[in-house]
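What follows is a short report on a single structure.
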Amino acid sequence: DDRVIGVKTSSRDDRFKEQVADVVIVAAGANSSDKALCGVPLVHNPSKTYFGSPSSSSSPILTRTLMDMVSSLYLAQRPDGTVVAGGGAIKFGLSATSDTLSPEEVQRQLTMAQEIAQELAPNPVDASPLTHKKEVLSKPMPKDGFPILGFMEPGLYSAVTHSGMTLSPLIGQLVAAEVKEQVSLTILNDFRPTRFDREKEKNFLKNWHESESS
């Protein structure tokens, strides 16, 4: 039976541990593209996110995430008042990594990011000026931008998406229902990993239904 039946992990002392499971769920973020995890089709998607100092006000000015659909810029504020800005011109317009930039260039990019963010939400950004940048070289961005949800092969289920922070409450419930109840939810049909290989999708669904009816 060609089926995934568990995982083998290694510790710092190079000792291996095997864990048997009925279903292994791949939810390793950007590392999901690793061959050991069946190579979920992801694309290289580095990002730059800017953060402001905590606000002096007693409560955040923003209570929800703001999104500029034209520029793809997003801006949010944490409970302590810290402003978080990313996407759009902040991601693509301010190039080069921090370790290759002079202090003057780093400050110039912070100033530019501040001006861009202020156009979307002037009051929160004024109260929490942008002070530093964090760069993530690899993010879980599926090849076509949409979540990859479903069985990669018997016993191996993929639950990988770029928008994990916002989609995980819903995705978690749907994935749990499919795995635990052994059902196929039609709402997830457009997000199956087999969409990248239509012939594989046909064969997998055929075998899956045959195993369920037997």
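Residues in the structure tokens are numbered from 1 in each chain, the chains being A, B, ... in the order shown, and ligands are numbered from 1 in the order shown.
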Residues within 12 Å of Thr111 of chain A, only C-alpha atoms, excluding chain neighbours under 4 positions, as a list in words: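 Final neighbour list, sorted by chain and number: Tyr50, Gly52, Ile90, Leu94, Glu104, Glu105, Val106, Gln107, Glu115, Ile116, Ala117, Gln118, Val125, Pro129, Leu130, Thr131, His132 and Lys133 of chain A.
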Can you list, as a PyMOL selection string, every protein, DNA or RNA residue that comes within 10 Å of Leu149 of chain A when you count only C-alpha atoms, leaving out same-chain residues fewer than 3 positions away? chain A and resi 25-27+146+152+157-161+171+174-175+188-194
Would you mind listing what lies within 12 Å of Gln173 of chain A as number ranges by chain, with only C-alpha atoms counted and same-chain residues fewer than 6 positions away left out? A: 159, 167, 179-181, 185, 188
At what distance in Å, to one decimal, does atom CA of Met165 of chain A lie from atom CA of Gly145 of chain A?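 Atom CA of Gly145 of chain A sits 15.1 Å away from atom CA of Met165 of chain A.
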Report, in Å with one decimal, the straight-line distance from atom CA of Cys38 of chain A to atom CA of Glu153 of chain A.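 Distance between the two atoms: 8.7 Å.
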Report the residues of segment 15-197 of chain A whose backbone DSSP state falls under helix (DSSP H, G or I), written as a PyMOL selection string. chain A and resi 29-33+35-37+88-92+98-100+103-120+122-127+164-181+186-191+193-196
Any idea what's packed within 12 Å of Glu119 of chain A, counting only C-alpha atoms, ignoring anything in its chain fewer than 6 positions away? Could you give it as a list in words?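 So, after excluding close chain neighbours, the residues are Leu66, Met67, Asp68, Ser71, Leu73, Tyr74, Leu75, Ala85, Met112, Ala113, Val125 and Asp126 of chain A.
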